[in-house]
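Shown next, in structure tokens, is the structure this report addresses.
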Amino acid sequence: MVSKLLSDLLQLDTLPKRYEIKFLLQHVPYEEVCHIIKENPALFSEIYQERQVNNIYLDSPFLKSYEDNLIGYSQRIKVRIRWYGPFFGTIHKPVLELKIRTGYQMTKVSYPLEPFQLHHNFSFDVLKKEVFPKSKLPAFIIEKLHSLVPVLFNSYRRRYFLSADKRYRLTLDTNISYYKAKKHGNHFVAFTKNHGVLVLELKFDPEHHAFAHHITQHFPFRLTKSSKYVSGISLLDY
């Protein structure tokens, strides 16, 4: 069903595309990374306020999206529910995001969801029986969501930077933590944190691809394949 969902979404030719280049930084001082960002010739400046990003990742019961990522399929999809601010409590503005990779390009489809409560007794039935049906989702999306299950909770702090020409955006993620989603019982007992790990990501539209290497060559970091979803699944030993 994950593959069918991907196939259906790829029919939407009007979806905007972008490139995402990631650097997984291990044991690099946070202050050093911030200095390198500000010294880049693209003249990055901070935009927005730093905020907490939270996700619930959905996958098939056999973790097909996870397996597709490990294998490295050129076309794959990641399904998550994202919100900003406190992790627990009333989630006022959750968003269903379907992130599609086609080769080196990314596409994201987003749908606002009805608010819900996240607490230690949280049940996935709330999503399937209340949140999804009450949200204005296309019928084919609702149909596919019923074949998926939540498998991972994730939270981190994010800072945002924009180049002087406003064509390139950087995000810097810190304090990355994960909770293992369980079928029964408290989801928030199995917990882990990516100690000493930062994720730096450069994002830009396809028409600006040619100049991107002038930005990345000034980062003394190695390009890497990095997925918080894959990292969380691996760290929690599914």
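Quick note on naming: the chains in the structure tokens go A, B, ... in the order shown, residues restart at 1 in each chain, and ligands are numbered from 1 in order of appearance.
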
What are the closest atom pairs, with distances in Å to one decimal, for each residue of region 108-207 of chain A lying within 10 Å of region 15-22 of chain A, using only C-alpha atoms, rows by chain and rising residue number, as CSV?
```
residue,atom,partner,partner_atom,distance
A:Lys108,CA,A:Leu15,CA,7.6
A:Val109,CA,A:Leu15,CA,7.6
A:Arg169,CA,A:Glu20,CA,9.6
A:Leu170,CA,A:Ile21,CA,9.5
A:Thr171,CA,A:Lys22,CA,9.6
A:Val199,CA,A:Lys22,CA,7.0
A:Leu200,CA,A:Lys22,CA,5.8
A:Glu201,CA,A:Lys22,CA,4.4
A:Leu202,CA,A:Ile21,CA,5.0
A:Lys203,CA,A:Glu20,CA,4.6
A:Phe204,CA,A:Tyr19,CA,5.5
A:Asp205,CA,A:Arg18,CA,4.4
A:Pro206,CA,A:Arg18,CA,5.6
A:Glu207,CA,A:Arg18,CA,9.0
```

Limited to C-alpha atoms, could you put the picked residues into a file as a PDB file, in the first residue's frame?
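Saved as selection.pdb:
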```pdb
ATOM      1  CA  LYS A 108       6.368  17.355  -0.148  1.00  0.00           C
ATOM      2  CA  VAL A 109       2.579  17.155  -0.017  1.00  0.00           C
ATOM      3  CA  ARG A 169      17.926  27.839   2.940  1.00  0.00           C
ATOM      4  CA  LEU A 170      19.847  26.102   5.694  1.00  0.00           C
ATOM      5  CA  THR A 171      18.432  24.320   8.704  1.00  0.00           C
ATOM      6  CA  VAL A 199      22.109  17.705  11.118  1.00  0.00           C
ATOM      7  CA  LEU A 200      22.818  20.547   8.687  1.00  0.00           C
ATOM      8  CA  GLU A 201      20.662  20.668   5.560  1.00  0.00           C
ATOM      9  CA  LEU A 202      20.822  22.866   2.470  1.00  0.00           C
ATOM     10  CA  LYS A 203      17.578  23.258   0.472  1.00  0.00           C
ATOM     11  CA  PHE A 204      17.063  24.958  -2.886  1.00  0.00           C
ATOM     12  CA  ASP A 205      14.945  24.876  -6.042  1.00  0.00           C
ATOM     13  CA  PRO A 206      16.168  22.904  -9.100  1.00  0.00           C
ATOM     14  CA  GLU A 207      16.883  26.058 -11.130  1.00  0.00           C
TER      15      GLU A 207
END
```

Compile a residue-level contact table for region 43-75 of chain A against region 216-231 of chain A at a cut-off of 8 Å, reporting for every qualifying residue the shortest atom pair and its distance in Å to one decimal, with only C-alpha atoms counted, rows ordered by chain and ascending number, as CSV.
```
residue,atom,partner,partner_atom,distance
A:Tyr57,CA,A:Tyr229,CA,7.2
A:Tyr66,CA,A:Val230,CA,6.2
A:Asn69,CA,A:Val230,CA,7.6
A:Leu70,CA,A:Val230,CA,7.9
```

| field | Proximity to His195 (chain A) - best of A:Thr102, A:Ser123, A:Thr107, A:Gln26, only C-alpha atoms | value | A:Gln26

| query | Out of A:Leu24, A:Leu172, A:Ile142, A:Val95, which residue has the shortest atom-to-atom distance to Arg157 (chain A) when counting only C-alpha atoms? | reply | A:Leu172

| task | Using DSSP on the backbone coordinates, identify the residues of region 124-235 of chain A assigned to strand (DSSP E or B); present them as a PyMOL selection string. | result | chain A and resi 149-162+168-180+191-193+197-204+223

| remark: A straight line from CA of Leu152 (chain A) to CA of Pro29 (chain A) spans 27.6 Å

| field | Which of region 7-238 of chain A fall in helix (DSSP H, G or I), as a ChimeraX atom specification | value | /A:7-10,30-39,64-71,125-134,139-145,206-216,228-235

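The list of residues with at least one atom within 8 Å of Val79 (chain A), based on only C-alpha atoms and without residues fewer than 4 positions apart in the same chain, reads Tyr57, Leu58, Asp59, Leu96, Glu97, Leu98 and Lys99 of chain A.
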
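What separates CA of Asn154 (chain A) from CA of Glu67 (chain A) is a distance of 18.6 Å.
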
| request: List the neighbours of Ile37 (chain A) out to 10 Å using only C-alpha atoms; skip same-chain residues closer than 2 positions along the sequence, and give me the result as a PyMOL selection string. | output: chain A and resi 32-35+39-46+161+170+172+200+215+218-219

Pull N, CA and C atoms from the residues just selected and write them as an mmCIF file, in the first residue's frame.
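part_5.cif, freshly written:
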```cif
data_model
loop_
_atom_site.group_PDB
_atom_site.id
_atom_site.type_symbol
_atom_site.label_atom_id
_atom_site.label_comp_id
_atom_site.auth_asym_id
_atom_site.auth_seq_id
_atom_site.Cartn_x
_atom_site.Cartn_y
_atom_site.Cartn_z
ATOM 1 N N GLU A 32 31.015 26.016 16.638
ATOM 2 C CA GLU A 32 31.841 25.982 15.430
ATOM 3 C C GLU A 32 30.975 25.899 14.172
ATOM 4 N N VAL A 33 29.925 25.096 14.221
ATOM 5 C CA VAL A 33 29.022 24.970 13.084
ATOM 6 C C VAL A 33 28.330 26.301 12.800
ATOM 7 N N CYS A 34 27.870 26.960 13.831
ATOM 8 C CA CYS A 34 27.205 28.262 13.660
ATOM 9 C C CYS A 34 28.155 29.284 13.041
ATOM 10 N N HIS A 35 29.421 29.257 13.457
ATOM 11 C CA HIS A 35 30.423 30.183 12.904
ATOM 12 C C HIS A 35 30.653 29.891 11.417
ATOM 13 N N GLU A 39 30.062 32.413 8.142
ATOM 14 C CA GLU A 39 31.220 32.805 7.348
ATOM 15 C C GLU A 39 31.094 32.371 5.889
ATOM 16 N N ASN A 40 30.034 31.650 5.532
ATOM 17 C CA ASN A 40 29.870 31.170 4.171
ATOM 18 C C ASN A 40 29.689 32.351 3.210
ATOM 19 N N PRO A 41 30.294 32.305 2.006
ATOM 20 C CA PRO A 41 30.166 33.405 1.038
ATOM 21 C C PRO A 41 28.733 33.698 0.605
ATOM 22 N N ALA A 42 27.821 32.754 0.815
ATOM 23 C CA ALA A 42 26.421 33.002 0.465
ATOM 24 C C ALA A 42 25.755 33.969 1.431
ATOM 25 N N LEU A 43 26.467 34.319 2.492
ATOM 26 C CA LEU A 43 25.989 35.313 3.464
ATOM 27 C C LEU A 43 24.653 34.907 4.084
ATOM 28 N N PHE A 44 24.672 33.796 4.769
ATOM 29 C CA PHE A 44 23.462 33.319 5.444
ATOM 30 C C PHE A 44 23.171 34.161 6.677
ATOM 31 N N SER A 45 21.908 34.457 6.870
ATOM 32 C CA SER A 45 21.457 35.145 8.090
ATOM 33 C C SER A 45 20.289 34.360 8.658
ATOM 34 N N GLU A 46 20.113 34.447 9.970
ATOM 35 C CA GLU A 46 19.070 33.663 10.619
ATOM 36 C C GLU A 46 17.695 34.275 10.362
ATOM 37 N N PHE A 161 18.248 29.442 8.423
ATOM 38 C CA PHE A 161 19.110 30.458 7.836
ATOM 39 C C PHE A 161 18.771 30.610 6.352
ATOM 40 N N LEU A 170 19.159 27.068 4.841
ATOM 41 C CA LEU A 170 19.847 26.102 5.694
ATOM 42 C C LEU A 170 19.021 25.858 6.940
ATOM 43 N N LEU A 172 19.509 23.835 10.810
ATOM 44 C CA LEU A 172 20.442 23.183 11.722
ATOM 45 C C LEU A 172 19.640 22.559 12.850
ATOM 46 N N LEU A 200 22.837 19.305 9.462
ATOM 47 C CA LEU A 200 22.818 20.547 8.687
ATOM 48 C C LEU A 200 22.284 20.210 7.297
ATOM 49 N N ILE A 215 28.463 26.836 -2.406
ATOM 50 C CA ILE A 215 28.104 26.942 -0.990
ATOM 51 C C ILE A 215 28.673 25.768 -0.209
ATOM 52 N N HIS A 218 32.449 25.248 0.910
ATOM 53 C CA HIS A 218 32.958 26.007 2.052
ATOM 54 C C HIS A 218 32.550 25.382 3.391
ATOM 55 N N PHE A 219 31.855 24.252 3.331
ATOM 56 C CA PHE A 219 31.552 23.504 4.547
ATOM 57 C C PHE A 219 32.575 22.374 4.690
#
```

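Checking A:Leu127, A:Ala181, A:Gly89, A:Tyr156 one by one against Lys193 (chain A), counting only C-alpha atoms, you find the shortest gap at A:Tyr156.
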
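Proximity ranking of A:Phe188, A:Phe211, A:Phe62, A:Phe23 relative to Leu118 (chain A) places A:Phe188 first, based on only C-alpha atoms.
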